[in-house]
file data-v2.txt (compact mmCIF, C-alpha atoms)
# COMPACT_ATOMS: atom_id res chain seq x y z
CA MET A 1 -112.18 -40.28 -65.47
CA ARG A 2 -110.08 -43.23 -66.46
CA ARG A 3 -107.88 -44.53 -63.69
CA VAL A 4 -104.22 -45.27 -64.56
CA PRO A 5 -103.20 -48.66 -63.17
CA GLU A 6 -100.61 -48.33 -60.38
CA GLU A 7 -97.14 -49.85 -60.71
CA PRO A 8 -96.46 -52.72 -58.35
CA LEU A 9 -94.55 -51.54 -55.23
CA VAL A 10 -91.48 -53.75 -55.85
CA ARG A 11 -91.10 -52.41 -59.36
CA LYS A 12 -91.37 -48.83 -58.03
CA ILE A 13 -88.53 -49.42 -55.55
CA GLU A 14 -86.34 -51.10 -58.16
CA LYS A 15 -86.86 -48.18 -60.50
CA LYS A 16 -85.95 -45.67 -57.78
CA LEU A 17 -82.75 -47.52 -56.89
CA THR A 18 -81.71 -47.76 -60.54
CA ASP A 19 -82.39 -44.07 -61.11
CA GLY A 20 -80.44 -43.20 -57.97
CA ALA A 21 -77.44 -45.24 -59.06
CA GLU A 22 -77.41 -43.58 -62.45
CA ASN A 23 -77.30 -40.20 -60.74
CA GLY A 24 -74.52 -41.25 -58.44
CA ILE A 25 -76.87 -41.72 -55.50
CA LEU A 26 -77.02 -45.01 -53.63
CA PRO A 27 -74.46 -46.83 -55.83
CA ILE A 28 -73.56 -48.93 -52.77
CA ILE A 29 -76.90 -50.76 -52.99
CA ASN A 30 -76.13 -52.06 -56.46
CA SER A 31 -72.54 -53.05 -55.64
CA PRO A 32 -72.27 -53.92 -51.96
CA ILE A 33 -69.25 -56.21 -52.41
CA GLU A 34 -67.05 -53.62 -54.12
CA ASN A 35 -67.80 -51.03 -51.46
CA ARG A 36 -67.06 -53.10 -48.40
CA TYR A 37 -64.80 -51.66 -45.70
CA SER A 38 -61.14 -52.11 -46.62
CA GLY A 39 -59.31 -50.38 -43.77
CA VAL A 40 -56.99 -48.65 -46.24
CA GLY A 41 -55.80 -45.34 -44.83
CA VAL A 42 -57.41 -45.95 -41.42
CA PRO A 43 -54.85 -45.41 -38.63
CA SER A 44 -55.99 -48.25 -36.37
CA ASP A 45 -56.07 -50.75 -39.26
CA ILE A 46 -52.65 -49.62 -40.47
CA TYR A 47 -51.26 -50.00 -36.96
CA ASN A 48 -53.00 -53.24 -35.98
CA HIS A 49 -53.40 -55.05 -39.29
CA GLY A 50 -50.71 -53.63 -41.54
CA LYS A 51 -53.18 -52.09 -43.99
CA PRO A 52 -51.64 -49.67 -46.51
CA LEU A 53 -51.90 -45.90 -46.61
CA ASN A 54 -54.37 -44.44 -49.07
CA ASN A 55 -53.11 -42.65 -52.16
CA ARG A 56 -53.31 -39.20 -50.59
CA GLN A 57 -51.39 -40.27 -47.50
CA GLN A 58 -48.77 -42.09 -49.57
CA ALA A 59 -48.25 -38.99 -51.73
CA LEU A 60 -47.67 -36.93 -48.59
CA LEU A 61 -45.29 -39.50 -47.14
CA ASP A 62 -43.28 -39.44 -50.38
CA LYS A 63 -42.67 -35.74 -49.73
CA LEU A 64 -41.47 -36.48 -46.18
CA PRO A 65 -38.81 -39.17 -46.61
CA GLU A 66 -36.58 -38.46 -43.61
CA TYR A 67 -36.26 -36.77 -40.21
CA ASN A 68 -36.90 -33.01 -40.38
CA SER A 69 -38.37 -33.18 -43.90
CA ARG A 70 -40.97 -30.48 -44.46
CA ALA A 71 -43.81 -30.27 -46.95
CA ILE A 72 -46.28 -27.51 -47.69
CA VAL A 73 -49.61 -28.77 -49.02
CA GLY A 74 -53.13 -27.46 -49.50
CA LYS A 75 -55.43 -27.32 -46.51
CA ASP A 76 -57.70 -29.99 -47.97
CA ASP A 77 -54.84 -32.32 -48.82
CA VAL A 78 -54.02 -33.37 -45.26
CA SER A 79 -55.84 -33.82 -41.98
CA MET A 80 -54.70 -34.81 -38.50
CA ASN A 81 -56.19 -38.24 -39.19
CA ASP A 82 -53.79 -38.59 -42.14
CA LEU A 83 -50.85 -37.72 -39.86
CA SER A 84 -52.06 -40.36 -37.44
CA ALA A 85 -52.03 -42.85 -40.33
CA LEU A 86 -48.48 -41.82 -41.27
CA THR A 87 -47.42 -42.27 -37.64
CA ALA A 88 -49.04 -45.71 -37.61
CA LYS A 89 -47.10 -46.62 -40.75
CA GLU A 90 -43.71 -45.07 -39.94
CA GLY A 91 -43.65 -45.05 -36.13
CA VAL A 92 -42.47 -41.43 -36.00
CA GLU A 93 -44.00 -38.12 -34.93
CA PHE A 94 -45.43 -35.54 -37.31
CA ALA A 95 -46.49 -31.97 -36.60
CA MET A 96 -48.86 -29.83 -38.64
CA PHE A 97 -49.17 -26.05 -38.85
CA THR A 98 -51.80 -24.10 -40.79
CA CYS A 99 -51.56 -20.70 -42.43
CA GLY A 100 -54.60 -19.65 -44.47
CA SER A 101 -55.18 -22.30 -47.11
CA LYS A 102 -51.81 -24.04 -46.75
CA ARG A 103 -50.48 -26.51 -44.26
CA LEU A 104 -46.89 -27.17 -43.23
CA VAL A 105 -46.12 -30.74 -42.17
CA VAL A 106 -42.86 -31.55 -40.39
CA ARG A 107 -41.58 -35.08 -39.91
CA GLY A 108 -39.89 -36.01 -36.64
CA ASN A 109 -38.39 -39.24 -35.34
CA ASN A 110 -39.77 -41.77 -32.88
CA GLU A 111 -39.29 -39.37 -29.93
CA HIS A 112 -39.70 -35.82 -31.13
CA VAL A 113 -40.21 -33.24 -33.88
CA ASN A 114 -37.51 -30.65 -34.39
CA ILE A 115 -39.58 -27.65 -33.28
CA ASN A 116 -38.58 -25.67 -30.20
CA SER A 117 -40.07 -22.52 -28.71
CA MET A 118 -37.92 -20.23 -30.90
CA ARG A 119 -38.86 -22.00 -34.12
CA ALA A 120 -42.47 -21.93 -32.98
CA MET A 121 -42.30 -18.15 -32.57
CA VAL A 122 -40.84 -17.80 -36.07
CA LEU A 123 -43.69 -19.90 -37.49
CA LYS A 124 -46.20 -17.77 -35.60
CA MET A 125 -44.67 -14.61 -37.06
CA GLN A 126 -45.08 -16.17 -40.51
CA GLY A 127 -48.79 -16.52 -39.76
CA TYR A 128 -48.95 -20.19 -38.86
CA LYS A 129 -51.17 -21.74 -36.22
CA TRP A 130 -50.30 -25.05 -34.62
CA SER A 131 -52.93 -27.56 -35.68
CA GLY A 132 -51.53 -30.51 -33.78
CA HIS A 133 -48.97 -33.28 -33.67
CA THR A 134 -48.76 -37.02 -33.24
CA HIS A 135 -47.13 -39.31 -30.69
CA PRO A 136 -46.36 -42.89 -31.73
CA GLY A 137 -48.15 -45.59 -29.73
CA ASN A 138 -51.62 -47.01 -29.31
CA SER A 139 -52.42 -46.07 -25.71
CA LYS A 140 -54.08 -43.00 -24.27
CA ILE A 141 -51.05 -42.38 -22.08
CA VAL A 142 -49.07 -41.19 -25.11
CA LEU A 143 -51.71 -38.50 -25.67
CA ARG A 144 -50.53 -36.51 -22.66
CA SER A 145 -48.65 -33.30 -23.26
CA SER A 146 -45.11 -32.48 -22.17
CA ASP A 147 -43.62 -29.25 -20.81
CA GLY A 148 -42.28 -28.64 -24.33
CA ASP A 149 -45.70 -29.12 -25.91
CA VAL A 150 -47.16 -26.52 -23.54
CA MET A 151 -44.29 -24.08 -24.18
CA VAL A 152 -44.79 -24.39 -27.94
CA LEU A 153 -48.51 -23.76 -27.40
CA LYS A 154 -47.58 -20.63 -25.45
CA ALA A 155 -45.19 -19.55 -28.20
CA PHE A 156 -48.10 -19.74 -30.64
CA ASN A 157 -50.27 -17.87 -28.12
CA GLN A 158 -52.95 -20.52 -28.53
CA ASN A 159 -55.18 -22.00 -25.85
CA VAL A 160 -55.51 -25.51 -27.23
CA SER A 161 -53.93 -27.99 -29.64
CA VAL A 162 -54.33 -31.74 -30.16
CA ILE A 163 -52.18 -34.83 -29.89
CA TYR A 164 -53.07 -37.92 -31.94
CA ASN A 165 -51.71 -41.40 -31.36
CA SER A 166 -51.07 -44.16 -33.93
CA VAL A 167 -54.63 -45.49 -33.86
CA GLY A 168 -56.47 -42.24 -34.54
CA GLU A 169 -57.36 -41.41 -30.93
CA TYR A 170 -56.73 -37.87 -29.80
CA GLN A 171 -56.78 -35.61 -26.80
CA THR A 172 -56.91 -31.86 -26.67
CA PHE A 173 -54.39 -30.20 -24.38
CA THR A 174 -54.26 -26.75 -22.84
CA LYS A 175 -51.67 -24.53 -21.21
CA ASP A 176 -51.69 -23.17 -17.66
CA THR A 177 -52.94 -19.68 -16.88
CA MET B 1 -56.58 -23.69 -18.15
CA VAL B 2 -59.00 -26.56 -17.75
CA THR B 3 -61.80 -26.75 -20.30
CA GLY B 4 -63.64 -29.30 -22.42
CA ARG B 5 -67.07 -30.86 -22.55
CA LEU B 6 -66.43 -33.25 -19.66
CA PHE B 7 -65.28 -30.44 -17.37
CA LYS B 8 -68.15 -28.15 -18.28
CA LYS B 9 -70.76 -30.87 -17.81
CA TYR B 10 -69.40 -32.16 -14.49
CA MET B 11 -67.99 -28.95 -13.07
CA ASN B 12 -70.18 -29.09 -9.94
CA GLU B 13 -69.18 -32.68 -9.16
CA ILE B 14 -65.50 -31.81 -9.60
CA LYS B 15 -65.93 -28.76 -7.38
CA GLU B 16 -67.60 -30.92 -4.70
CA TYR B 17 -64.81 -33.49 -4.92
CA CYS B 18 -62.24 -30.75 -4.42
CA ALA B 19 -64.12 -29.41 -1.39
CA GLU B 20 -64.45 -32.86 0.18
CA ASN B 21 -60.77 -33.63 -0.35
CA SER B 22 -59.27 -30.25 0.59
CA LEU B 23 -58.14 -29.53 -2.95
CA SER B 24 -58.13 -26.09 -4.52
CA PHE B 25 -60.63 -25.88 -7.37
CA ASP B 26 -59.05 -22.55 -8.40
CA ARG B 27 -55.63 -24.13 -8.77
CA LEU B 28 -57.15 -27.02 -10.66
CA CYS B 29 -58.84 -24.63 -13.11
CA LYS B 30 -55.53 -22.85 -13.79
CA SER B 31 -53.63 -26.06 -14.52
CA PRO B 32 -52.76 -27.38 -17.96
CA CYS B 33 -54.76 -30.47 -18.89
CA CYS B 34 -55.38 -33.11 -21.51
CA PHE B 35 -58.91 -34.25 -22.22
CA ASP B 36 -61.31 -36.11 -24.43
CA ASN B 37 -64.93 -37.06 -23.84
CA GLU B 38 -64.06 -39.82 -21.38
CA GLN B 39 -61.16 -38.50 -19.38
CA LEU B 40 -59.71 -35.31 -18.00
CA ILE B 41 -56.08 -35.35 -16.91
CA ILE B 42 -55.11 -32.38 -14.78
CA GLN B 43 -51.36 -31.75 -15.00
CA ARG B 44 -48.81 -30.03 -12.78
CA ASN B 45 -49.47 -26.30 -12.89
CA GLU B 46 -45.82 -25.25 -12.87
CA ILE B 47 -44.28 -25.68 -16.29
CA ASP B 48 -40.60 -26.62 -16.23
CA ARG B 49 -39.31 -23.82 -18.44
CA GLU B 50 -35.88 -25.43 -18.91
CA LYS B 51 -37.46 -28.59 -20.33
CA GLY B 52 -39.97 -26.45 -22.17
CA LYS B 53 -37.21 -24.79 -24.18
CA LEU B 54 -36.81 -28.08 -26.01
CA GLY B 55 -40.33 -27.71 -27.40
CA LEU B 56 -41.46 -30.80 -29.27
CA MET B 57 -38.08 -32.39 -28.57
CA ASP B 58 -39.21 -33.06 -25.01
CA ASN B 59 -41.18 -36.28 -24.94
CA ILE B 60 -41.75 -36.72 -21.18
CA PRO B 61 -45.39 -36.05 -20.25
CA ILE B 62 -46.11 -33.49 -17.55
CA PRO B 63 -46.95 -35.41 -14.35
CA SER B 64 -50.65 -35.55 -13.61
CA THR B 65 -52.03 -34.13 -10.37
CA LEU B 66 -55.57 -35.46 -10.72
CA GLU B 67 -57.06 -37.91 -13.18
CA ILE B 68 -60.81 -37.92 -13.78
CA TYR B 69 -62.44 -40.72 -15.75
CA LEU B 70 -66.05 -40.94 -16.89
CA GLU B 71 -67.22 -44.53 -16.40
CA ASN B 72 -70.85 -45.59 -16.83
CA GLY B 73 -72.02 -42.02 -16.42
CA ARG B 74 -70.12 -41.49 -13.14
CA LEU B 75 -66.83 -39.81 -12.44
CA ARG B 76 -63.90 -41.73 -11.00
CA PHE B 77 -61.18 -39.59 -9.46
CA VAL B 78 -57.59 -40.77 -9.13
CA GLN B 79 -55.15 -38.78 -7.03
CA THR B 80 -51.41 -39.11 -7.58
CA ASP B 81 -48.40 -38.65 -5.31
CA ILE B 82 -48.20 -34.96 -6.26
CA THR B 83 -51.91 -34.11 -5.92
CA ARG B 84 -51.52 -32.52 -2.46
CA LYS B 85 -48.38 -30.64 -3.44
CA TYR B 86 -49.95 -28.88 -6.40
CA LEU B 87 -53.68 -28.84 -5.66
CA GLY B 88 -53.82 -29.05 -1.88
CA VAL B 89 -55.03 -26.13 0.23
CA SER B 90 -53.64 -25.04 3.58
CA GLU B 91 -55.65 -25.65 6.76
CA GLU B 92 -56.30 -21.90 7.28
CA TYR B 93 -57.46 -21.43 3.71
CA ARG B 94 -59.60 -24.51 4.07
CA PHE B 95 -61.23 -23.27 7.27
CA VAL B 96 -62.03 -19.84 5.83
CA THR B 97 -63.21 -20.84 2.34
CA MET B 98 -64.73 -24.28 2.59
CA PRO B 99 -68.32 -24.99 3.69
CA LYS B 100 -68.53 -26.33 7.25
CA ALA B 101 -69.77 -29.71 6.08
CA ALA B 102 -66.69 -30.16 3.88
CA VAL B 103 -64.30 -29.09 6.64
CA ALA B 104 -65.85 -31.52 9.11

call {"tool": "encode", "arguments": {"input": "data-v2.txt", "output": "structure tokens"}}
result
Amino acid sequence: MRRVPEEPLVRKIEKKLTDGAENGILPIINSPIENRYSGVGVPSDIYNHGKPLNNRQQALLDKLPEYNSRAIVGKDDVSMNDLSALTAKEGVEFAMFTCGSKRLVVRGNNEHVNINSMRAMVLKMQGYKWSGHTHPGNSKIVLRSSDGDVMVLKAFNQNVSVIYNSVGEYQTFTKDT
Amino acid sequence: MVTGRLFKKYMNEIKEYCAENSLSFDRLCKSPCCFDNEQLIIQRNEIDREKGKLGLMDNIPIPSTLEIYLENGRLRFVQTDITRKYLGVSEEYRFVTMPKAAVA
């Protein structure tokens, strides 16, 4: 039987990488410069280095121009990390509530969000769960919950929720029993 | 209600610390808390309902009664000026419930 000559190893690897790139796999290997880390949309880089929001975050912010603005968006269109980025950019609190496939985002000011226990109960009756909220600042101290946070958690009859700060750190908080 | 990975993993150490320092582990467990993988902040277990009515318009954190930090694989406990008031146990309770070694 005639033996087919083997391809050199280097050529084999090159061919694999090229094929992968054409299929959308490993494109970063062929264009490492274009894919370098930019910090866009990353809470800590927005807060510490003034990097801009990404397009998704900017679109959400455009819907929330002032205190007490509310926006309902799809579940996949916003995450708590995005709210942390908005807080890093604007220096104000945001709260997020989830009902099925939609999310309600409420803008606050630098000290609070306009949600009290009564409003929380109304949101619960509408089927919302409290996903979390943000506190402006870059320390872990700002991640601690207040009496009001715990009362809102009770109003939602939930055991836990999260608080994010301006650099993307978060802590889970619970209520008493 | 105290929970989280840190609490679950180091529950025995926290229980021992409470026994050695005459603190109520039961009260601690019933307290609200904030936690991540590196710290567990136990907060006052009596919610101020008047302040609580403000909901997210109240931005003053609940005072902590015990702070537990994970540093280099070991726990560091920090008591505050209200630790005894909210987590302390009475002498009688201590005598009846604590192991002799802890009481001594």

call {"tool": "interface_residues", "arguments": {"input": "data-v2.txt", "of": "chain B", "to": "chain A", "cutoff": "6 Å", "atoms": "only C-alpha atoms", "output": "list in words"}}
result
Met1, Lys30, Ser31, Pro32, Cys33, Cys34, Phe35, Asp36, Ile47, Gly52, Lys53, Leu54, Gly55, Leu56, Met57, Asp58, Ile60, Pro61 and Ile62 of chain B

call {"tool": "write_last_selection", "arguments": {"input": "data-v2.txt", "atoms": "C-alpha atoms", "output": "PDB file, in the coordinates of the input"}}
result
ATOM      1  CA  MET B   1     -56.580 -23.690 -18.150  1.00  0.00           C
ATOM      2  CA  LYS B  30     -55.530 -22.850 -13.790  1.00  0.00           C
ATOM      3  CA  SER B  31     -53.630 -26.060 -14.520  1.00  0.00           C
ATOM      4  CA  PRO B  32     -52.760 -27.380 -17.960  1.00  0.00           C
ATOM      5  CA  CYS B  33     -54.760 -30.470 -18.890  1.00  0.00           C
ATOM      6  CA  CYS B  34     -55.380 -33.110 -21.510  1.00  0.00           C
ATOM      7  CA  PHE B  35     -58.910 -34.250 -22.220  1.00  0.00           C
ATOM      8  CA  ASP B  36     -61.310 -36.110 -24.430  1.00  0.00           C
ATOM      9  CA  ILE B  47     -44.280 -25.680 -16.290  1.00  0.00           C
ATOM     10  CA  GLY B  52     -39.970 -26.450 -22.170  1.00  0.00           C
ATOM     11  CA  LYS B  53     -37.210 -24.790 -24.180  1.00  0.00           C
ATOM     12  CA  LEU B  54     -36.810 -28.080 -26.010  1.00  0.00           C
ATOM     13  CA  GLY B  55     -40.330 -27.710 -27.400  1.00  0.00           C
ATOM     14  CA  LEU B  56     -41.460 -30.800 -29.270  1.00  0.00           C
ATOM     15  CA  MET B  57     -38.080 -32.390 -28.570  1.00  0.00           C
ATOM     16  CA  ASP B  58     -39.210 -33.060 -25.010  1.00  0.00           C
ATOM     17  CA  ILE B  60     -41.750 -36.720 -21.180  1.00  0.00           C
ATOM     18  CA  PRO B  61     -45.390 -36.050 -20.250  1.00  0.00           C
ATOM     19  CA  ILE B  62     -46.110 -33.490 -17.550  1.00  0.00           C
TER      20      ILE B  62
END

call {"tool": "atom_distance", "arguments": {"input": "data-v2.txt", "atom1": "atom CA of Phe25 of chain B", "atom2": "atom CA of Asn157 of chain A"}}
result
24.5 Å

call {"tool": "residues_around", "arguments": {"input": "data-v2.txt", "residues": "Arg74 of chain B", "least_positions_apart": "4", "cutoff": "12 Å", "atoms": "only C-alpha atoms", "output": "MDAnalysis selection string"}}
result
chainID B and resid 6 9:10 13:14 38:39 68:70

call {"tool": "atom_distance", "arguments": {"input": "data-v2.txt", "atom1": "atom CA of Val78 of chain A", "atom2": "atom CA of Tyr164 of chain A"}}
result
14.1 Å

call {"tool": "atom_distance", "arguments": {"input": "data-v2.txt", "atom1": "atom CA of Leu61 of chain A", "atom2": "atom CA of Gly168 of chain A"}}
result
17.1 Å

call {"tool": "closest_residue", "arguments": {"input": "data-v2.txt", "among": "A:Asn81, A:Gln158, A:Asn165, A:Thr98", "to": "Leu53 of chain A", "atoms": "only C-alpha atoms"}}
result
A:Asn81

call {"tool": "residues_around", "arguments": {"input": "data-v2.txt", "residues": "segment 69-73 of chain A", "least_positions_apart": "5", "cutoff": "7 Å", "atoms": "all atoms listed in the file", "output": "PyMOL selection string"}}
result
chain A and resi 63-64+102-107

call {"tool": "residues_near_point", "arguments": {"input": "data-v2.txt", "point": "(-54.1, -53.7, -41.6)", "cutoff": "12 Å", "atoms": "only C-alpha atoms", "output": "list in words"}}
result
Tyr37, Ser38, Gly39, Val40, Gly41, Val42, Pro43, Ser44, Asp45, Ile46, Tyr47, Asn48, His49, Gly50, Lys51, Pro52, Leu53, Asn54, Ala85, Ala88, Lys89 and Val167 of chain A

call {"tool": "write_last_selection", "arguments": {"input": "data-v2.txt", "atoms": "C-alpha atoms", "output": "PDB file, in the frame of the given file"}}
result
ATOM      1  CA  TYR A  37     -64.800 -51.660 -45.700  1.00  0.00           C
ATOM      2  CA  SER A  38     -61.140 -52.110 -46.620  1.00  0.00           C
ATOM      3  CA  GLY A  39     -59.310 -50.380 -43.770  1.00  0.00           C
ATOM      4  CA  VAL A  40     -56.990 -48.650 -46.240  1.00  0.00           C
ATOM      5  CA  GLY A  41     -55.800 -45.340 -44.830  1.00  0.00           C
ATOM      6  CA  VAL A  42     -57.410 -45.950 -41.420  1.00  0.00           C
ATOM      7  CA  PRO A  43     -54.850 -45.410 -38.630  1.00  0.00           C
ATOM      8  CA  SER A  44     -55.990 -48.250 -36.370  1.00  0.00           C
ATOM      9  CA  ASP A  45     -56.070 -50.750 -39.260  1.00  0.00           C
ATOM     10  CA  ILE A  46     -52.650 -49.620 -40.470  1.00  0.00           C
ATOM     11  CA  TYR A  47     -51.260 -50.000 -36.960  1.00  0.00           C
ATOM     12  CA  ASN A  48     -53.000 -53.240 -35.980  1.00  0.00           C
ATOM     13  CA  HIS A  49     -53.400 -55.050 -39.290  1.00  0.00           C
ATOM     14  CA  GLY A  50     -50.710 -53.630 -41.540  1.00  0.00           C
ATOM     15  CA  LYS A  51     -53.180 -52.090 -43.990  1.00  0.00           C
ATOM     16  CA  PRO A  52     -51.640 -49.670 -46.510  1.00  0.00           C
ATOM     17  CA  LEU A  53     -51.900 -45.900 -46.610  1.00  0.00           C
ATOM     18  CA  ASN A  54     -54.370 -44.440 -49.070  1.00  0.00           C
ATOM     19  CA  ALA A  85     -52.030 -42.850 -40.330  1.00  0.00           C
ATOM     20  CA  ALA A  88     -49.040 -45.710 -37.610  1.00  0.00           C
ATOM     21  CA  LYS A  89     -47.100 -46.620 -40.750  1.00  0.00           C
ATOM     22  CA  VAL A 167     -54.630 -45.490 -33.860  1.00  0.00           C
TER      23      VAL A 167
END

call {"tool": "closest_residue", "arguments": {"input": "data-v2.txt", "among": "B:Glu46, B:Arg84, B:Cys29, B:Arg76", "to": "Val2 of chain B", "atoms": "only C-alpha atoms"}}
result
B:Cys29

call {"tool": "closest_residue", "arguments": {"input": "data-v2.txt", "among": "A:Leu86, A:Cys99, A:Leu60, A:Val92", "to": "Gly127 of chain A", "atoms": "all atoms listed in the file"}}
result
A:Cys99

call {"tool": "closest_residue", "arguments": {"input": "data-v2.txt", "among": "A:Met96, A:Gly91, A:Lys154, A:Asp82", "to": "Met121 of chain A", "atoms": "only C-alpha atoms"}}
result
A:Lys154
